[in-house]
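These notes are about the structure you will find just below.
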Amino acid sequence: MACLFGVKLTHSACNPVSCLGPIDNKILYSSFKKEPIQKNGSFSLNSLKASGERLESRLGERTRDQFRFLDCENGRRSSGGCWARCMAEGVEGGLFVGRREGGFLVEERFKVVALVAAVMCLCNADRVVMSVAIVPLAAKHGWSNSFLGIVQSSFLWGYMFSSVIGGALVDKYGGKRVITWGAALWSLATLLTPWAANHSTASLLAMRAFFGLAEGVALPSMNNLLARWFPAHERATAVGISMGGFQFGNVVGLLLAPLAMSLTGGISGPFFLFSSLGLLWVTIWASNVAHNPQESSSISTSELRLIQAGKPDSYVKKDKLPPLSLLLSKLPTWAIIFANITNNWGYFVLLSWMPVYFKTVYEVNLKQAAWFSAVPWGTMAISGYIAGTASDYLIKSGYSTTTTRKIMQSIGFIGPGIALLCLNFAKTPSVAAIFLTIALSLSSFSQAGFLLNMEDIAPQYSGFLHGISNSAGTLAAVTSTVGTGFFVQWLGSFQAFLTLTACLYFITAIFWNLYATGERVF
């Protein structure tokens with residue numbers, strides 16, 4: 001039996017690209033198409049070796065080292081190719097589930113992405129709780145719409161400052177350690193929020209700022225962990241799953257927060273619930289996940305080799321950060337920064353103001369507003385996964401990384417822009433929910449655009465670059481969150497701000513397509 005990275009080569013079912021990762025289809029298939037197929041549908045071992053020799057001669061030195069052709073019966077190293085024994089444990093690999101004689105084996109990287117998705121869900125649910133709790137708090141304290149926007153944005157004050165520091169810490173210490181401390185601290189801040197609200201407005205603002213300070217490390221940590229644990233041709237799917245958890249946190253928070261408040265008779269219930277879940281996650285994560293695949297005691301040999309072979313570069317992390325002037329001197333960096341600004345602007349407007357929007361425009365009560373607001377976020381979680389798998393499929397099909405990133409980001413900006421313009425003409429809450437759903441669903445394609453692009457152009461400094469762009473994006477989020485309140489109070493409607501946001505989407509989409517690249521820059 002012959003296989004590539006533990007996947008049996010058959011005439012009818014095997015697509016070598018799906019197990020090898022990003023590689024030119026024409027080179028790969030032209031190397032195999034001349035070889036005869038055995039009666040059982042498999043390539044003969046000798047023909048595979050010949051194909052391997054022909055393929056290696058056509059690949060560059062850097063690419064060649066990433067692909068190993070296997071003699072699964074004998075585990076021999078052939079003089080005609082780079083042969084290794086990745087089937088030492090008898091696993092035939094799929095994306096996340098391997099097959100072993102006698103049953104199935106859940107691969108270690110699936111456990112990692114499942115736990116990352118879980119903490120991203122809690123990360124966003126903890127934010128959303130305040131979006132629901134702020135309605136009764138505003139009624140209790142008599143806050144105006146403009147001051148309500150200040151309270152909503154207080155989370156972003158700390159978030160903005162921790163992004164760069166958190167990104168640098170992730171590059172130095174790795175995503176596992178940083179996300180562990182981050183989740184523990186933001187869960188503690190969530191637990192203490194009701195006490196702060198009862199004490200004073202200043203205490204509430206300070207606690208929300210501390211909460212944002214702890215949560216600022218979440219996205220850089222996620223990117224770092226997934227880059228360590230996934231080969232390049234699976235990374236977009238892994239990000240889609242993780243960000244799907246993040247968006248699902250909106251659904252969980254928007255639906256459970258009103259229920260928890262009604263059961264406890266106050267705002268304390270949801271904060272206690274989600275902080276407890278966060279501390280439970282920290283306990284499970286710290287004891288079950290390794291810093292990287294090489295340090296894992298439970299990963300199989302075949303999965304480890306698959307991960308290592310699918311890396312675009314075997315670079316070594318540097319201790320020193322690059323000069324900020326160097327990063328900012330390149331237009332691809334600015335494409336990422338502007339994309340992050342636009343994405344955060346639109347995202348936080350919708351996150352913070354949708355319950356208020358439905359209550360103000362359509363006179364929908366708090367519990368109904370939570371349902372209307374939650375549905376779009378649920379579909380966004382699904383569409384984010386679709387975006388990730390579509391991105392990986394395009395790369396496997398031979399599209400360049402640059403083209404793939406531009407396609408995904410164009411969908412992620414132009415689609416929401418059109419939907420927000422249409423939202424201005426909605427006459428019923430049901431129609432408004434449909435347009436809101438379309439806007440958020442298509443915006444999730446940005447996850448396979450600028451969010452992945454940081455690892456493309458600066459793999460050694462992706463955490464630092466993420467921190468810089470996220471700080472700029474957070475400043476935009478503060479502006480949009482506070483600005484929405486002033487616009488609504490000044491003009492008496494949401495239409496002007498929705499139109500402004502749509503125009504920002506269109507302008508940034510043009511800039512992205514002009515200057516973004518999927519090639520390594522730093």
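Ordered as shown in the structure tokens, chains take letters A, B, and onward, while each chain numbers its residues from 1 and ligands are numbered from 1 in the order shown.
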Using only C-alpha atoms, find each residue of segment 229-339 of chain A with at least one atom at most 6 Å away from an atom of segment 376-391 of chain A; report its shortest atom-to-atom pair and that distance in Å (one decimal), sort the rows by chain and rising residue number, and return the result as a Markdown table.
```
| residue | atom | partner | partner_atom | distance |
| --- | --- | --- | --- | --- |
| A:Ala236 | CA | A:Gly388 | CA | 4.4 |
| A:Thr237 | CA | A:Gly388 | CA | 4.1 |
| A:Gly240 | CA | A:Tyr385 | CA | 4.1 |
| A:Ile241 | CA | A:Tyr385 | CA | 5.5 |
| A:Gly244 | CA | A:Ala381 | CA | 3.9 |
| A:Gln247 | CA | A:Ala381 | CA | 5.1 |
| A:Phe248 | CA | A:Gly378 | CA | 5.6 |
| A:Val251 | CA | A:Gly378 | CA | 6.0 |
```
Practice problem: Could you give me, as a VMD selection string, the residues within 12 Å of Gly175 of chain A, counting only C-alpha atoms and dropping anything in the same chain fewer than 3 positions from it? | Solution: chain A and resid 112 116 166 to 172 178 to 183 217 to 229 285 to 286 289 to 292 462 to 463
Self-check item: Neighbour list for Ile336 of chain A as number ranges by chain, cut-off 8 Å, only C-alpha atoms, skip fewer than 6 positions in-chain
Solution: A: 450, 453-454, 469, 512, 516
Just-selected residues, all heavy atoms written as a PDB file, in the first residue's frame:
```pdb
ATOM      1  N   PHE A 450      -8.163  39.387   6.157  1.00  0.00           N
ATOM      2  CA  PHE A 450      -7.084  40.083   6.872  1.00  0.00           C
ATOM      3  C   PHE A 450      -6.629  39.342   8.120  1.00  0.00           C
ATOM      4  O   PHE A 450      -5.461  39.428   8.510  1.00  0.00           O
ATOM      5  CB  PHE A 450      -7.516  41.517   7.217  1.00  0.00           C
ATOM      6  CG  PHE A 450      -8.370  41.633   8.458  1.00  0.00           C
ATOM      7  CD1 PHE A 450      -7.783  41.802   9.705  1.00  0.00           C
ATOM      8  CD2 PHE A 450      -9.755  41.590   8.380  1.00  0.00           C
ATOM      9  CE1 PHE A 450      -8.557  41.927  10.842  1.00  0.00           C
ATOM     10  CE2 PHE A 450     -10.534  41.713   9.518  1.00  0.00           C
ATOM     11  CZ  PHE A 450      -9.938  41.880  10.748  1.00  0.00           C
ATOM     12  N   ASN A 453      -4.125  36.971   7.066  1.00  0.00           N
ATOM     13  CA  ASN A 453      -3.059  37.607   6.296  1.00  0.00           C
ATOM     14  C   ASN A 453      -1.871  38.024   7.149  1.00  0.00           C
ATOM     15  O   ASN A 453      -0.758  38.173   6.643  1.00  0.00           O
ATOM     16  CB  ASN A 453      -3.632  38.818   5.551  1.00  0.00           C
ATOM     17  CG  ASN A 453      -2.728  39.332   4.460  1.00  0.00           C
ATOM     18  OD1 ASN A 453      -2.459  40.524   4.380  1.00  0.00           O
ATOM     19  ND2 ASN A 453      -2.239  38.451   3.603  1.00  0.00           N
ATOM     20  N   MET A 454      -2.087  38.205   8.442  1.00  0.00           N
ATOM     21  CA  MET A 454      -0.979  38.590   9.326  1.00  0.00           C
ATOM     22  C   MET A 454       0.088  37.507   9.377  1.00  0.00           C
ATOM     23  O   MET A 454       1.286  37.797   9.373  1.00  0.00           O
ATOM     24  CB  MET A 454      -1.505  38.886  10.730  1.00  0.00           C
ATOM     25  CG  MET A 454      -2.526  40.010  10.761  1.00  0.00           C
ATOM     26  SD  MET A 454      -3.274  40.192  12.390  1.00  0.00           S
ATOM     27  CE  MET A 454      -4.774  41.087  11.971  1.00  0.00           C
ATOM     28  N   SER A 469      -2.492  46.384  14.584  1.00  0.00           N
ATOM     29  CA  SER A 469      -3.717  46.574  13.796  1.00  0.00           C
ATOM     30  C   SER A 469      -4.952  46.524  14.673  1.00  0.00           C
ATOM     31  O   SER A 469      -5.926  47.263  14.456  1.00  0.00           O
ATOM     32  CB  SER A 469      -3.808  45.511  12.693  1.00  0.00           C
ATOM     33  OG  SER A 469      -3.943  44.215  13.244  1.00  0.00           O
ATOM     34  N   TRP A 512      -7.889  47.426  -0.023  1.00  0.00           N
ATOM     35  CA  TRP A 512      -7.417  46.054   0.202  1.00  0.00           C
ATOM     36  C   TRP A 512      -7.027  45.385  -1.116  1.00  0.00           C
ATOM     37  O   TRP A 512      -5.963  44.764  -1.227  1.00  0.00           O
ATOM     38  CB  TRP A 512      -8.488  45.243   0.911  1.00  0.00           C
ATOM     39  CG  TRP A 512      -8.126  43.798   1.084  1.00  0.00           C
ATOM     40  CD1 TRP A 512      -8.437  42.763   0.255  1.00  0.00           C
ATOM     41  CD2 TRP A 512      -7.333  43.237   2.146  1.00  0.00           C
ATOM     42  NE1 TRP A 512      -7.908  41.581   0.731  1.00  0.00           N
ATOM     43  CE2 TRP A 512      -7.220  41.851   1.888  1.00  0.00           C
ATOM     44  CE3 TRP A 512      -6.723  43.766   3.284  1.00  0.00           C
ATOM     45  CZ2 TRP A 512      -6.529  40.993   2.742  1.00  0.00           C
ATOM     46  CZ3 TRP A 512      -6.030  42.912   4.121  1.00  0.00           C
ATOM     47  CH2 TRP A 512      -5.936  41.546   3.846  1.00  0.00           C
ATOM     48  N   ALA A 516      -3.086  44.623  -0.732  1.00  0.00           N
ATOM     49  CA  ALA A 516      -2.883  43.422   0.076  1.00  0.00           C
ATOM     50  C   ALA A 516      -2.104  42.369  -0.708  1.00  0.00           C
ATOM     51  O   ALA A 516      -2.154  42.327  -1.940  1.00  0.00           O
ATOM     52  CB  ALA A 516      -4.231  42.849   0.518  1.00  0.00           C
TER      53      ALA A 516
END
```
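If only C-alpha atoms are the atoms counted, then among A:Val521, A:Leu148, A:Met130, A:Leu327 the closest residue to His466 of chain A is A:Leu327.
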Quiz item: For the atom pair atom CA of Leu394 of chain A and atom CA of Ser443 of chain A, what is the interatomic distance in Å to one decimal place?
Solution: 18.7 Å
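Minimum distance to Ala419 of chain A across A:Ala509, A:Ile165, A:Ala439, A:Ile299 (counting only C-alpha atoms) occurs at A:Ala439.
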Exercise. Please measure the separation of atom CA of Ala209 of chain A and atom CA of Phe155 of chain A, giving the value in Å to one decimal.
Key: 4.6 Å
Quiz item: Using the chain letters and numbers from this document, which residues of segment 241-331 of chain A does DSSP assign to alpha helix (DSSP H), as a ChimeraX atom specification?
Solution: /A:241-264,268-288,301-309,324-327,331
